[in-house]
Amino acid sequence: MNLLCRAVRMHLASVGISKFCFLFSLAFCGLLLLLIPALQPPTRQVDQPQPRPHIQPARLKAPGVSAHVRETDSATELSRSSAGGTEGSRDDVHSHKSGMGSTRGATTGGKGLRFSGFRSRDPLDFKDIFIAVKTTRKYHKSRLELLIQTWVSQAKEQTYIFTDGEDSELQRRTGVNLINTNCSAAHTRQALCCKMSVEYDKFIESQKKWFCHVDDDNYVVLPSLLGLLSSYHHSQDVYLGRPSLDHPIEAAERVKSDGSVSVKFWFATGGAGFCISRGLALKMSPWASLGNFISTAEKIRLPDDCTIGYIIEALLEVTLTHTHLFHSHLENLQKLPADTVLEQVTLSFGGFENRRNVVSIVGGFSLADDPTRFKTVHCLLYPDTNWCPKPERSHMN
């Protein structure tokens, strides 16, 4: 009997010890789990990628300049001939305009427009501006020589002429920066984008603060250009120009082989000229540098100035600043008040189809002698030019 009781007690004791060991093991494991995070070395914090900040360019109230109000819901889609993949040129897109002067949110430059009273946000000199002139070999004599004789002569070192053929005689005689892009001479979307691609790369190489593009039928009023750009800072996101449409353009992004995504954006017409700050131009690099501009244009199948707007507005989400100080042959230039002509940034003239579409300004040249009115404008700005008519001095009695 004693042996039986002793065996029972021993069994109970062993069971108790087993339970105690089990509970102790659980408690020890729990303690380890609590201590493990404290024993580990501190984790290195990794900066999470942040969304690209949308920086609006701080600006003064420059006459003739305002940021547009984005109202893409009321925009109408361009015809398939421009956005649907045709081989059309830039003019095919702009021909769908419904009034160049009716851009929402923009104000026209009025009487008494002056930049001299502006407080400069960026100490700026002409040497800081890269002016790109797009032309073609067949217009070297009829258009380009007029520009070289007039405004280009005042900014020869800052002006770079992008063409599609060699002209060593013109370059030797005038000393201009003539760049053969080796692009096609055809006025097609591909040829225009090819030249714009070269323009962009040359600007980035130049280290200049501002990139301004004009066509070979533009007169650039240099003092006004300098005054306008001085009211901004080149490190900010600034895209200045004038739309040829009164609504955003709509384009199809071909992101998949089985479909596309539609985007709407404003763009400044290249025919009136536009300017881009260096800070913004550098951000365009993934889609514009080293030939990428051409592939980006092929993606949306639109001309060069539309592609610039697509990169800036649709991809980088930077707003175009509308200004009525830029002018192209698409508008009625005769409506521009004569007393504000010299205060604009760019001027133009009508083509073969409308030779009378020129600014109404009176000067030392008749309309027959100066059909574009560029010489008249130039002599009013630079009366000491040797070929400008000199006012006759009245004879003293």
# chains A, B, ... in the order shown; residues from 1 in each chain; ligands from 1
>>> residues_around(residues="Gln158 (chain A)", least_positions_apart="3", cutoff="8 Å", atoms="only C-alpha atoms", output="list in words")
Phe126, Lys127, Asp128, Ile129, Phe130, Ile131 and Ala155 of chain A
>>> write_last_selection(atoms="N, CA and C atoms", output="compact mmCIF listing (two decimals), in the first residue's frame")
# COMPACT_ATOMS: atom_id res chain seq x y z
N PHE A 126 21.41 90.26 -72.46
CA PHE A 126 21.14 89.59 -73.73
C PHE A 126 21.94 88.30 -73.88
N LYS A 127 23.13 88.28 -73.29
CA LYS A 127 23.97 87.08 -73.42
C LYS A 127 23.37 85.87 -72.73
N ASP A 128 22.37 86.08 -71.87
CA ASP A 128 21.72 84.98 -71.15
C ASP A 128 20.59 84.34 -71.94
N ILE A 129 20.26 84.90 -73.10
CA ILE A 129 19.12 84.42 -73.89
C ILE A 129 19.61 83.68 -75.12
N PHE A 130 19.04 82.52 -75.35
CA PHE A 130 19.32 81.71 -76.54
C PHE A 130 18.11 81.86 -77.47
N ILE A 131 18.29 82.55 -78.59
CA ILE A 131 17.19 82.75 -79.54
C ILE A 131 17.40 81.81 -80.72
N ALA A 155 21.65 91.21 -82.16
CA ALA A 155 21.83 90.09 -81.22
C ALA A 155 22.45 88.90 -81.94
>>> residues_around(residues="region 212-224 of chain A", least_positions_apart="4", cutoff="6 Å", atoms="only C-alpha atoms", output="list in words")
Ile131, Ala132, Val133, Lys134, Thr135, Gly271, Gly273, Phe274, Cys275, Val345, Thr346, Leu347 and Ser348 of chain A
>>> residues_around(residues="Thr150 (chain A)", least_positions_apart="6", cutoff="8 Å", atoms="only C-alpha atoms", output="ChimeraX atom specification")
/A:374-375,378
>>> write_last_selection(atoms="C-alpha atoms", output="PDB file, in the first residue's frame")
ATOM      1  CA  PHE A 374      10.193  94.958 -90.502  1.00  0.00           C
ATOM      2  CA  LYS A 375      12.551  97.652 -91.809  1.00  0.00           C
ATOM      3  CA  HIS A 378      13.715  98.385 -87.013  1.00  0.00           C
TER       4      HIS A 378
END
>>> residues_around(residues="region 226-243 of chain A", least_positions_apart="2", cutoff="6 Å", atoms="only C-alpha atoms", output="count of residues only")
25
>>> residues_around(residues="Ala251 (chain A)", least_positions_apart="2", cutoff="7 Å", atoms="only C-alpha atoms", output="MDAnalysis selection string")
chainID A and resid 83 249 253 262:264 300
>>> residues_around(residues="Ser184 (chain A)", least_positions_apart="4", cutoff="10 Å", atoms="only C-alpha atoms", output="PyMOL selection string")
chain A and resi 136+163-165+188+190-192+194-195
>>> write_last_selection(atoms="N, CA and C atoms", output="mmCIF file, in the first residue's frame")
data_model
loop_
_atom_site.group_PDB
_atom_site.id
_atom_site.type_symbol
_atom_site.label_atom_id
_atom_site.label_comp_id
_atom_site.auth_asym_id
_atom_site.auth_seq_id
_atom_site.Cartn_x
_atom_site.Cartn_y
_atom_site.Cartn_z
ATOM 1 N N THR A 136 14.398 77.288 -93.463
ATOM 2 C CA THR A 136 14.727 76.242 -94.429
ATOM 3 C C THR A 136 15.572 76.864 -95.533
ATOM 4 N N THR A 163 18.691 75.468 -89.810
ATOM 5 C CA THR A 163 18.232 75.274 -91.174
ATOM 6 C C THR A 163 18.467 73.833 -91.605
ATOM 7 N N ASP A 164 18.236 73.552 -92.878
ATOM 8 C CA ASP A 164 18.358 72.171 -93.360
ATOM 9 C C ASP A 164 19.340 72.044 -94.516
ATOM 10 N N GLY A 165 20.167 73.068 -94.724
ATOM 11 C CA GLY A 165 21.150 73.006 -95.803
ATOM 12 C C GLY A 165 22.321 73.931 -95.546
ATOM 13 N N THR A 188 7.033 69.046 -92.955
ATOM 14 C CA THR A 188 6.222 67.972 -92.372
ATOM 15 C C THR A 188 6.423 67.932 -90.866
ATOM 16 N N GLN A 190 7.505 65.482 -89.084
ATOM 17 C CA GLN A 190 8.777 64.865 -88.733
ATOM 18 C C GLN A 190 9.946 65.832 -88.908
ATOM 19 N N ALA A 191 9.930 66.616 -89.992
ATOM 20 C CA ALA A 191 11.019 67.560 -90.243
ATOM 21 C C ALA A 191 11.026 68.673 -89.199
ATOM 22 N N LEU A 192 9.850 69.180 -88.838
ATOM 23 C CA LEU A 192 9.757 70.233 -87.828
ATOM 24 C C LEU A 192 10.262 69.734 -86.478
ATOM 25 N N CYS A 194 12.308 67.284 -85.964
ATOM 26 C CA CYS A 194 13.749 67.038 -86.068
ATOM 27 C C CYS A 194 14.526 68.315 -85.751
ATOM 28 N N LYS A 195 14.096 69.434 -86.321
ATOM 29 C CA LYS A 195 14.784 70.705 -86.075
ATOM 30 C C LYS A 195 14.629 71.141 -84.626
#
>>> select_by_dssp(residues="region 122-307 of chain A", states="strand (DSSP E or B)", output="PyMOL selection string")
chain A and resi 129-134+159-163+177-180+210-215+219-220+239-241+249-256+259-265+274-277
>>> select_by_dssp(residues="region 108-349 of chain A", states="alpha helix (DSSP H)", output="number ranges by chain")
A: 145-149, 168-174, 189-206, 222-230, 278-283, 285-288, 292-300, 304-309
>>> closest_residue(among="A:Leu290, A:Ala185, A:Asn177, A:Glu169", to="Tyr139 (chain A)", atoms="only C-alpha atoms")
A:Ala185
>>> atom_distance(atom1="CA of Val358 (chain A)", atom2="CA of Pro248 (chain A)")
27.3 Å
>>> residues_around(residues="Thr296 (chain A)", least_positions_apart="2", cutoff="10 Å", atoms="only C-alpha atoms", output="ChimeraX atom specification")
/A:193,253,286-288,291-294,298-302,304,307-308,310-311
>>> closest_residue(among="A:Asn354, A:Lys138, A:Phe24, A:Ser366", to="Ala186 (chain A)", atoms="only C-alpha atoms")
A:Lys138
>>> closest_residue(among="A:Glu157, A:Glu250, A:Asp370, A:Glu353", to="Glu313 (chain A)", atoms="only C-alpha atoms")
A:Glu250
>>> closest_residue(among="A:Thr181, A:Ser285, A:Gln334, A:Ser153", to="Leu316 (chain A)", atoms="only C-alpha atoms")
A:Ser285
>>> closest_residue(among="A:Gly364, A:Gly270, A:Gly30, A:Pro337", to="Trp387 (chain A)", atoms="only C-alpha atoms")
A:Gly364
>>> atom_distance(atom1="CA of Ser244 (chain A)", atom2="CA of Leu330 (chain A)")
7.5 Å
>>> closest_residue(among="A:Ala252, A:Leu282, A:Arg137, A:Ala272", to="Glu205 (chain A)", atoms="only C-alpha atoms")
A:Leu282
